[in-house]
Amino acid sequence: MTWKIQLSELNYDHSERNAVNRVVSGEWLTMGGKCGEFETEFSRHHDFDHPGVFVSSATAGLHLILMALQITEGDEVIVPALTFVSDANVVLQLGATPVFADSTSLEDFNLSTDDVIDKITDKTRAIVIVHFAGFPMDLERLKKVCEAKGVWLIEDCAHAPGASIGSKYCGTFGDFGFFSFFSNKNLAVGEGGMVFAKDQDKLDMVRSMRSHGMSSVTLDRHLGRSSTYDVQNIGLNYRPDEIRAALGIEQLKKLKEGNVKRGRLFDRYKENFTDSLVKVPFANIEADVLPAYHIMPIILPKLCDRNMVMDKMKNVGIQTSIHYPSFSSFSAYKKLVSFNGINIAQDICARELTLPLHPRLKFGELDIVSNVLLEAVN
């Protein structure tokens, strides 16, 4: 189907095309100098102490983090009940148990710190939080609890590149942070992710494990810097490539301006839905909080038929989505985990609708989306 107004669009132009052409002309495609350059530039942009580790996806990044922490059978990892399935998938793949924590409220989709703390047990090894829709979660209280209990704090920043509280960027509050560069993200390269860690030894382990745990990479042997290699850790092939790194470098140049544009669009939506049956989460944020405005989530009225609303918008060419379906709706999860004590997240999952939001969206198009939605709801 050809959408008249898409949920997201690539913020690409000749810069990305030229960058890819330069890589192809250089005839080295696998992980190399461009990947290192992107790691350095992205890390500098987010004020990290040392370069992060560019990996093939955000999911790969979380998998490597949990492997570096030796998460295994018998361990528990607290994850949001409102998040993409990958966060819990990775925990289950390692034989550990995901424990779902509730959202704060219909006005604040981020994790409830109280519920997270209540669900920490002697088996809890790590907590994964999500800065939902790019709105930073205040982690100061949770950090103190994690430090006191010896629990690792991991920030899922897939929605939050460039987001900050005060002078600190998302990804710098916890022990680890990881980002996503999927096609619909604020910084899009197709597939890819970035991992950061405060502990340099843990970050070095992640770097090693992304390429089979080998002591040297293919580029080293290509350039004659090494003739063989040792396998120092049991790793996987989670390497990125030079084309995606080149795209990332160009996208990074547009990130700040793109986030500002997303913020203006968010404010216009908020204005359009004032005094209506449609509710906008994160409508009130602290003055020192700078969101990334990754997506535009709304809450429909309780008795509203979401499928009907989505169909009506689809019929006029407007793309919408859901962030996210409930874990309890997935057949693979129904017999594996408990869904107790996550009533707010379940309510959000049943009533949330995601509207188009991206730097190329025009205010006139946004107003059309708003009007069609309000007509469908009313």
# chains A, B, ... in the order shown; residues from 1 in each chain; ligands from 1

$ residues_around --residues "segment 39-46 of chain A" --least-positions-apart "3" --cutoff "8 Å" --atoms "only C-alpha atoms" --output "count of residues only"
13

$ select_by_dssp --residues "segment 251-342 of chain A" --states "strand (DSSP E or B)" --output "list in words"
Lys279, Val289, Leu290, Met296, Pro297, Ile298, Ile299, Ile318 and Ser321 of chain A

$ select_by_dssp --residues "segment 150-277 of chain A" --states "helix (DSSP H, G or I)" --output "PyMOL selection string"
chain A and resi 200-209+218-222+242-272

$ write_last_selection --atoms "C-alpha atoms" --output "PDB file, in the first residue's frame"
ATOM      1  CA  GLN A 200      35.978  -0.252  30.593  1.00  0.00           C
ATOM      2  CA  ASP A 201      36.715  -3.945  31.139  1.00  0.00           C
ATOM      3  CA  LYS A 202      33.069  -4.848  30.558  1.00  0.00           C
ATOM      4  CA  LEU A 203      32.979  -2.661  27.435  1.00  0.00           C
ATOM      5  CA  ASP A 204      36.160  -4.334  26.138  1.00  0.00           C
ATOM      6  CA  MET A 205      34.478  -7.706  26.638  1.00  0.00           C
ATOM      7  CA  VAL A 206      31.457  -6.556  24.632  1.00  0.00           C
ATOM      8  CA  ARG A 207      33.823  -5.320  21.900  1.00  0.00           C
ATOM      9  CA  SER A 208      35.585  -8.679  21.817  1.00  0.00           C
ATOM     10  CA  MET A 209      32.411 -10.777  21.829  1.00  0.00           C
ATOM     11  CA  THR A 218      39.579  -9.159   9.505  1.00  0.00           C
ATOM     12  CA  LEU A 219      40.804  -5.661   8.686  1.00  0.00           C
ATOM     13  CA  ASP A 220      43.933  -6.225  10.790  1.00  0.00           C
ATOM     14  CA  ARG A 221      44.836  -9.247   8.685  1.00  0.00           C
ATOM     15  CA  HIS A 222      43.910  -7.483   5.451  1.00  0.00           C
ATOM     16  CA  GLU A 242      31.183   0.216   6.783  1.00  0.00           C
ATOM     17  CA  ILE A 243      28.088   1.229   4.812  1.00  0.00           C
ATOM     18  CA  ARG A 244      25.959   1.514   7.938  1.00  0.00           C
ATOM     19  CA  ALA A 245      28.755   3.359   9.731  1.00  0.00           C
ATOM     20  CA  ALA A 246      28.970   5.864   6.867  1.00  0.00           C
ATOM     21  CA  LEU A 247      25.197   6.377   7.033  1.00  0.00           C
ATOM     22  CA  GLY A 248      25.422   6.803  10.802  1.00  0.00           C
ATOM     23  CA  ILE A 249      28.068   9.525  10.532  1.00  0.00           C
ATOM     24  CA  GLU A 250      25.832  11.546   8.181  1.00  0.00           C
ATOM     25  CA  GLN A 251      22.699  10.896  10.263  1.00  0.00           C
ATOM     26  CA  LEU A 252      24.476  12.053  13.417  1.00  0.00           C
ATOM     27  CA  LYS A 253      24.963  15.472  11.797  1.00  0.00           C
ATOM     28  CA  LYS A 254      21.161  15.768  11.458  1.00  0.00           C
ATOM     29  CA  LEU A 255      20.196  14.360  14.856  1.00  0.00           C
ATOM     30  CA  LYS A 256      19.923  17.567  16.881  1.00  0.00           C
ATOM     31  CA  GLU A 257      17.961  19.488  14.251  1.00  0.00           C
ATOM     32  CA  GLY A 258      15.750  16.463  13.591  1.00  0.00           C
ATOM     33  CA  ASN A 259      14.904  16.110  17.272  1.00  0.00           C
ATOM     34  CA  VAL A 260      14.028  19.810  17.483  1.00  0.00           C
ATOM     35  CA  LYS A 261      11.640  19.418  14.539  1.00  0.00           C
ATOM     36  CA  ARG A 262      10.085  16.351  16.167  1.00  0.00           C
ATOM     37  CA  GLY A 263       9.531  18.397  19.327  1.00  0.00           C
ATOM     38  CA  ARG A 264       7.677  21.122  17.421  1.00  0.00           C
ATOM     39  CA  LEU A 265       5.453  18.505  15.814  1.00  0.00           C
ATOM     40  CA  PHE A 266       4.776  16.909  19.207  1.00  0.00           C
ATOM     41  CA  ASP A 267       3.706  20.292  20.578  1.00  0.00           C
ATOM     42  CA  ARG A 268       1.365  20.823  17.607  1.00  0.00           C
ATOM     43  CA  TYR A 269      -0.286  17.448  18.201  1.00  0.00           C
ATOM     44  CA  LYS A 270      -0.635  18.297  21.883  1.00  0.00           C
ATOM     45  CA  GLU A 271      -2.305  21.599  20.981  1.00  0.00           C
ATOM     46  CA  ASN A 272      -4.650  19.883  18.489  1.00  0.00           C
TER      47      ASN A 272
END

$ atom_distance --atom1 "atom CA of His63 of chain A" --atom2 "atom CA of Ile342 of chain A"
24.6 Å

$ residues_around --residues "Asp156 of chain A" --least-positions-apart "3" --cutoff "6 Å" --atoms "only C-alpha atoms" --output "compact mmCIF listing (two decimals) with C-alpha atoms, in the first residue's frame"
# COMPACT_ATOMS: atom_id res chain seq x y z
CA ILE A 129 14.74 0.52 31.73
CA VAL A 130 13.41 2.17 28.56
CA PHE A 178 22.50 0.83 24.33

$ decode --residues "segment 57-143 of chain A" --atoms "C-alpha atoms" --output "PDB file, in the first residue's frame"
ATOM      1  CA  SER A  57      21.482  -4.184  16.248  1.00  0.00           C
ATOM      2  CA  ALA A  58      20.275  -2.907  19.608  1.00  0.00           C
ATOM      3  CA  THR A  59      19.116  -6.439  20.388  1.00  0.00           C
ATOM      4  CA  ALA A  60      22.645  -7.679  19.758  1.00  0.00           C
ATOM      5  CA  GLY A  61      23.891  -4.948  22.071  1.00  0.00           C
ATOM      6  CA  LEU A  62      21.678  -6.045  24.961  1.00  0.00           C
ATOM      7  CA  HIS A  63      22.561  -9.688  24.325  1.00  0.00           C
ATOM      8  CA  LEU A  64      26.277  -8.873  24.579  1.00  0.00           C
ATOM      9  CA  ILE A  65      25.746  -6.801  27.735  1.00  0.00           C
ATOM     10  CA  LEU A  66      23.925  -9.641  29.474  1.00  0.00           C
ATOM     11  CA  MET A  67      26.561 -12.119  28.271  1.00  0.00           C
ATOM     12  CA  ALA A  68      29.296  -9.879  29.687  1.00  0.00           C
ATOM     13  CA  LEU A  69      27.414  -9.916  33.010  1.00  0.00           C
ATOM     14  CA  GLN A  70      27.168 -13.724  32.795  1.00  0.00           C
ATOM     15  CA  ILE A  71      23.393 -13.667  33.159  1.00  0.00           C
ATOM     16  CA  THR A  72      22.217 -17.276  33.109  1.00  0.00           C
ATOM     17  CA  GLU A  73      19.628 -19.790  34.292  1.00  0.00           C
ATOM     18  CA  GLY A  74      18.244 -18.959  37.720  1.00  0.00           C
ATOM     19  CA  ASP A  75      18.857 -15.219  37.332  1.00  0.00           C
ATOM     20  CA  GLU A  76      16.105 -12.613  37.036  1.00  0.00           C
ATOM     21  CA  VAL A  77      16.200  -9.466  34.917  1.00  0.00           C
ATOM     22  CA  ILE A  78      13.529  -6.814  35.443  1.00  0.00           C
ATOM     23  CA  VAL A  79      12.234  -5.365  32.165  1.00  0.00           C
ATOM     24  CA  PRO A  80       9.357  -3.010  31.317  1.00  0.00           C
ATOM     25  CA  ALA A  81       5.966  -4.583  30.671  1.00  0.00           C
ATOM     26  CA  LEU A  82       5.654  -1.855  28.026  1.00  0.00           C
ATOM     27  CA  THR A  83       8.509  -2.342  25.579  1.00  0.00           C
ATOM     28  CA  PHE A  84       9.485  -4.083  22.367  1.00  0.00           C
ATOM     29  CA  VAL A  85       9.719  -7.855  22.670  1.00  0.00           C
ATOM     30  CA  SER A  86      13.501  -7.932  22.136  1.00  0.00           C
ATOM     31  CA  ASP A  87      14.307  -6.880  25.718  1.00  0.00           C
ATOM     32  CA  ALA A  88      12.571  -9.948  27.154  1.00  0.00           C
ATOM     33  CA  ASN A  89      13.585 -12.250  24.265  1.00  0.00           C
ATOM     34  CA  VAL A  90      17.263 -11.796  25.032  1.00  0.00           C
ATOM     35  CA  VAL A  91      16.757 -12.588  28.722  1.00  0.00           C
ATOM     36  CA  LEU A  92      14.915 -15.801  27.849  1.00  0.00           C
ATOM     37  CA  GLN A  93      17.543 -16.789  25.281  1.00  0.00           C
ATOM     38  CA  LEU A  94      20.123 -16.815  28.083  1.00  0.00           C
ATOM     39  CA  GLY A  95      17.941 -19.058  30.230  1.00  0.00           C
ATOM     40  CA  ALA A  96      17.144 -16.298  32.714  1.00  0.00           C
ATOM     41  CA  THR A  97      13.685 -15.056  33.743  1.00  0.00           C
ATOM     42  CA  PRO A  98      12.266 -11.681  32.664  1.00  0.00           C
ATOM     43  CA  VAL A  99      10.261 -10.035  35.443  1.00  0.00           C
ATOM     44  CA  PHE A 100       7.853  -7.444  34.077  1.00  0.00           C
ATOM     45  CA  ALA A 101       7.532  -4.097  35.879  1.00  0.00           C
ATOM     46  CA  ASP A 102       4.607  -1.728  35.450  1.00  0.00           C
ATOM     47  CA  SER A 103       4.454   1.724  33.867  1.00  0.00           C
ATOM     48  CA  THR A 104       4.066   4.813  36.033  1.00  0.00           C
ATOM     49  CA  SER A 105       0.734   6.124  34.709  1.00  0.00           C
ATOM     50  CA  LEU A 106      -1.273   6.947  31.588  1.00  0.00           C
ATOM     51  CA  GLU A 107       0.492  10.311  31.653  1.00  0.00           C
ATOM     52  CA  ASP A 108       4.002   8.836  32.062  1.00  0.00           C
ATOM     53  CA  PHE A 109       4.646   5.552  30.220  1.00  0.00           C
ATOM     54  CA  ASN A 110       8.114   5.121  31.715  1.00  0.00           C
ATOM     55  CA  LEU A 111       8.762   2.461  34.342  1.00  0.00           C
ATOM     56  CA  SER A 112       7.350   2.862  37.827  1.00  0.00           C
ATOM     57  CA  THR A 113      10.377   3.100  40.114  1.00  0.00           C
ATOM     58  CA  ASP A 114       8.233   1.913  43.029  1.00  0.00           C
ATOM     59  CA  ASP A 115       7.146  -1.214  41.166  1.00  0.00           C
ATOM     60  CA  VAL A 116      10.698  -1.991  40.027  1.00  0.00           C
ATOM     61  CA  ILE A 117      11.989  -1.747  43.597  1.00  0.00           C
ATOM     62  CA  ASP A 118       9.135  -3.948  44.860  1.00  0.00           C
ATOM     63  CA  LYS A 119      10.084  -6.639  42.323  1.00  0.00           C
ATOM     64  CA  ILE A 120      13.798  -6.826  43.167  1.00  0.00           C
ATOM     65  CA  THR A 121      14.627 -10.193  44.762  1.00  0.00           C
ATOM     66  CA  ASP A 122      17.779 -12.084  45.703  1.00  0.00           C
ATOM     67  CA  LYS A 123      17.752 -13.466  42.132  1.00  0.00           C
ATOM     68  CA  THR A 124      17.677 -10.044  40.442  1.00  0.00           C
ATOM     69  CA  ARG A 125      20.921  -9.464  38.537  1.00  0.00           C
ATOM     70  CA  ALA A 126      19.976  -6.548  36.282  1.00  0.00           C
ATOM     71  CA  ILE A 127      17.258  -4.023  35.499  1.00  0.00           C
ATOM     72  CA  VAL A 128      16.556  -2.815  31.964  1.00  0.00           C
ATOM     73  CA  ILE A 129      14.739   0.524  31.726  1.00  0.00           C
ATOM     74  CA  VAL A 130      13.409   2.168  28.556  1.00  0.00           C
ATOM     75  CA  HIS A 131      13.265   5.913  27.931  1.00  0.00           C
ATOM     76  CA  PHE A 132       9.876   5.505  26.265  1.00  0.00           C
ATOM     77  CA  ALA A 133       9.219   7.580  23.117  1.00  0.00           C
ATOM     78  CA  GLY A 134      12.471   9.403  23.854  1.00  0.00           C
ATOM     79  CA  PHE A 135      11.280  10.927  27.141  1.00  0.00           C
ATOM     80  CA  PRO A 136      14.069  10.438  29.714  1.00  0.00           C
ATOM     81  CA  MET A 137      13.238   8.527  32.869  1.00  0.00           C
ATOM     82  CA  ASP A 138      14.606   9.985  36.115  1.00  0.00           C
ATOM     83  CA  LEU A 139      16.942   7.279  37.404  1.00  0.00           C
ATOM     84  CA  GLU A 140      18.526   8.866  40.476  1.00  0.00           C
ATOM     85  CA  ARG A 141      16.482   6.960  43.048  1.00  0.00           C
ATOM     86  CA  LEU A 142      16.734   3.654  41.180  1.00  0.00           C
ATOM     87  CA  LYS A 143      20.502   4.094  40.777  1.00  0.00           C
TER      88      LYS A 143
END
